[in-house]
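Written out below as structure tokens is the structure these notes cover.
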Amino acid sequence: MTEHLPALQVVIALTAAPLVMLLNRLPRLAWGVTLVTCWATFAVAVMLLLQVSDGSVIRYEMGGWAPPWGIEYRVDGANAWVLLIIGLVSAVVMPFARRSVDQEIPADRIGLFYSAFLLANAGLLGIAITADAFNIFVFFEISALASYALIAMGRDRRAVLASYQYLIMGTIGTTFLLIGIGFLYIMTGTLNLGDLAARLPEVTDTRTIRAAFAFIAVGISLKLALFPLHLWLPNAYSYAPSMVTVFLSATATKVAIYVLLRFVYTVFGFEFSFVELSMAWVLMPLALLGIVIPSLIAVFQDDVKRLLAYSSVAQVGYMILGISFASALGLMASVLHLFNHAITKAALFMAVGCLVYRLGGVSLARVAGAAERMPWTMAAFVVAGLSLIGVPLTAGFVTKWYLLQAALMEGFWPVAALLLATSLIAAVYMWKVVEAAYFRAPPEDAREVREAPLALLVPTWVLTGATIVFGVWAQFPIGAARNAADALLGVPQSW
Amino acid sequence: MNRYIVLRVISGLMIPIILIFAFYVQFHGEYSPGGGFQAGIVFTAAFVVYTLLYGLEAAQKAIPPEAAHALSAIGVLLFAAFGFASLFLGGNFLEYKVLLPNDQAGETFGIIGIELGVGITVAAVGLSLFYSFAGRRPDA
């Protein structure tokens, strides 16, 4: 069975989705099936990562059709890493989801909700695993359409508008991606990523290929919320149900960044992207603006969820910054940050989910004084917040350290200084929440609240603990990220 | 409805033909243009015509909205079942030729099977969409 793991990675979730939809009348069972599915998916992702940890590549021919004619699934160090992130987050968020979703979603829609969640999950996994450019587009649409439905199910009526904004922006993004892929197909007659990479050098000096590159880069940038194309993100994350925010914030933008890396490094190649088209000089200013401006906006937010959403845009900036150094170390720092930010932000949004569960909302006024009554929830928030800022002994520090190293290696002193300065801005906006929760008196009309139930706290602390574990014992993520960078660069580096 | 004898007679003639044509497109899609998507939509079109003439309630008596929802999931499951079947019979996922002893017969069988799944899902989703638009109250 192990040779079918690449197919199972996607089709387990894809098949469970309609099954869960049929179980709409039995919300408890629907949740159970979804949980088992996510854990199975995680197990498959772990097995795939172990198999490629020695630098090997797994290939799978869908339907038995040999590439480049058929769709090929191809797993190497880079996408196994992304698959692991998706699998891990979905496996941890599902136990959390039961109580949270019961409260936030009408009972007659819970099955449909989980069905859409599985589709989003399968879509993201599919984007990461496939080696077919058109298949990437199809999976982008599967995950995006399911995400629009998930976001629109938020309790706040503004969720529908947020979802609609995301729909418009997301559709433009994937359309651009499709136009780019179409251009590539016109020029090369192939859709397989490896085959594209082999055939592109012949036609690389044409306007069509340059246009294809531009369309693909802009389209994916929209999906990964690169400043200034991030406008859909804050609303979508703020108004979505808690569990959806956790999952999407930890996975959706990460997968888009992976696709960008795949096109830039594997398909177009380093030479074309960075030397001929000087992509770094486009990415770096945008990344720096994307770190500074959304961080400053986050400082002035009154809603904790929205604050964290803006911080997500800033964190995407860090990942793009690492890529823009155009060095192996920068790339590795970015790939590492995919994971570290995923667990950090998922832990933070889970803590927020606990607060929402008890307080009904997370405006700073409502969070005031929450620490006294929900000490464990807020403690998780603080620990994960330290990781977001990049304090030593947390996962966030490890990536900041490598980013800093990468910046200094290229001699970008001002960039390194800015990295440190923006960590301070992160400290400022996280402090705002901590100050409200720990040092302010609860509002007069505050409801009597207790600590969040264990069903919510345990998953929150699993990820919060992970930010510490992978901050202290960083060999595993660093090793995997090096492996991923090797796979993208195509040659093993001497780390 | 009884007043419009022309509409009634013509629709009575046309709806069965549309439905049969849907099945023709479905099962001939392997040799000629067509297949599950087109057949599903043609099938739904027959229900749209029926609803326009006889009202939503009458149409929902034939296929209730809940049934349409369930069918949209069942179609996908049918598709997946063919994928898993070929996987368990020793091929890759969706490698139909292992489904039957004869490679070519297996391919045909597999394609007809998954196209049926596509057809059921497309018809059911099309119908669900139409129901939810047609069932909207003006102020809702």
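By order in the structure tokens, chains are A, B, ...; within a chain, residues start at 1; ligands start at 1, following the order shown.
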
Residues of chain A near chain B: apply a cut-off of 7 Å, count only C-alpha atoms, and supply the list as an MDAnalysis selection string.
chainID A and resid 7 15 18:19 21:22 62:64

Per DSSP on the backbone, what are the strand (DSSP E) residues of stretch 10-182 of chain A, as a list in words?
Ile58, Arg59, Tyr60, Glu61, Glu72, Tyr73, Arg74 and Val75 of chain A

Please return as a ChimeraX atom specification: the residues of stretch 250-311 of chain A that backbone DSSP assigns to alpha helix (DSSP H).
/A:250-261,269-270,280-299,304-311

Near-A:Phe139 list (7 Å; only C-alpha atoms; drop same-chain fewer than 5 positions) as an MDAnalysis selection string:
chainID A and resid 123:124 126:127

List the neighbours of B:Ile112 out to 12 Å using only C-alpha atoms; skip same-chain residues closer than 2 positions along the sequence, and give me the result as a PyMOL selection string.
chain B and resi 23+25-31+34-36+78-79+82+96+105-110+114-119

Taking C-alpha atoms for each residue, export the selection above as a short mmCIF file (atom, residue, chain, number, x, y, z; two decimals), in the first residue's frame.
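File written: selection03.cif
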data_model
loop_
_atom_site.label_atom_id
_atom_site.label_comp_id
_atom_site.auth_asym_id
_atom_site.auth_seq_id
_atom_site.Cartn_x
_atom_site.Cartn_y
_atom_site.Cartn_z
CA PHE B 23 -29.07 9.70 -21.08
CA VAL B 25 -25.30 12.24 -24.05
CA GLN B 26 -24.33 10.46 -20.84
CA PHE B 27 -23.70 7.01 -22.22
CA HIS B 28 -22.53 7.95 -25.68
CA GLY B 29 -20.07 10.48 -24.28
CA GLU B 30 -17.33 7.95 -24.57
CA TYR B 31 -17.47 7.90 -28.37
CA GLY B 34 -20.70 14.73 -24.38
CA GLY B 35 -20.29 13.03 -21.09
CA GLY B 36 -21.32 13.49 -17.50
CA LEU B 78 -19.41 6.61 -7.10
CA PHE B 79 -16.49 8.30 -8.85
CA PHE B 82 -14.06 3.39 -9.11
CA TYR B 96 -9.41 1.46 -14.94
CA ALA B 105 -13.10 -3.42 -21.53
CA GLY B 106 -11.84 -2.29 -18.14
CA GLU B 107 -11.06 1.19 -19.49
CA THR B 108 -14.52 1.48 -21.01
CA PHE B 109 -16.20 0.22 -17.88
CA GLY B 110 -14.23 2.62 -15.70
CA ILE B 114 -16.98 7.66 -13.36
CA GLU B 115 -18.93 9.59 -15.99
CA LEU B 116 -22.13 8.30 -14.42
CA GLY B 117 -20.89 9.62 -11.09
CA VAL B 118 -20.13 12.98 -12.70
CA GLY B 119 -23.56 13.02 -14.36
#

Residues at most 7 Å from stretch 212-214 of chain A, counting only C-alpha atoms, excluding those fewer than 5 positions away in the same chain, as an NGL selection string?
:A and (180-181 or 183-184)

Written selection (N, CA and C atoms) as a PDB file, in the first residue's frame:
ATOM      1  N   GLY A 180      -1.300  32.493 -16.981  1.00  0.00           N
ATOM      2  CA  GLY A 180       0.134  32.210 -17.031  1.00  0.00           C
ATOM      3  C   GLY A 180       0.404  30.781 -17.462  1.00  0.00           C
ATOM      4  N   ILE A 181      -0.349  29.852 -16.874  1.00  0.00           N
ATOM      5  CA  ILE A 181      -0.158  28.445 -17.227  1.00  0.00           C
ATOM      6  C   ILE A 181      -0.511  28.221 -18.687  1.00  0.00           C
ATOM      7  N   PHE A 183      -0.179  30.357 -21.150  1.00  0.00           N
ATOM      8  CA  PHE A 183       0.947  30.847 -21.956  1.00  0.00           C
ATOM      9  C   PHE A 183       2.065  29.807 -21.996  1.00  0.00           C
ATOM     10  N   LEU A 184       2.345  29.236 -20.817  1.00  0.00           N
ATOM     11  CA  LEU A 184       3.402  28.223 -20.772  1.00  0.00           C
ATOM     12  C   LEU A 184       3.043  27.054 -21.683  1.00  0.00           C
TER      13      LEU A 184
END

Compile the contact shell of A:Gln165 as a VMD selection string: residues with an atom at most 8 Å away, counting only C-alpha atoms, same-chain residues fewer than 4 positions apart removed.
chain A and resid 161 169 232

Could you take the residues named above and write them with N, CA and C atoms, as a compact mmCIF listing (two decimals), in the first residue's frame?
# COMPACT_ATOMS: atom_id res chain seq x y z
N LEU A 161 -19.91 39.20 3.40
CA LEU A 161 -19.23 40.20 2.58
C LEU A 161 -17.74 39.90 2.50
N MET A 169 -11.24 38.52 -5.12
CA MET A 169 -9.77 38.61 -5.18
C MET A 169 -9.16 37.24 -5.52
N TRP A 232 -7.92 41.17 0.96
CA TRP A 232 -9.00 40.22 1.28
C TRP A 232 -8.78 39.56 2.63
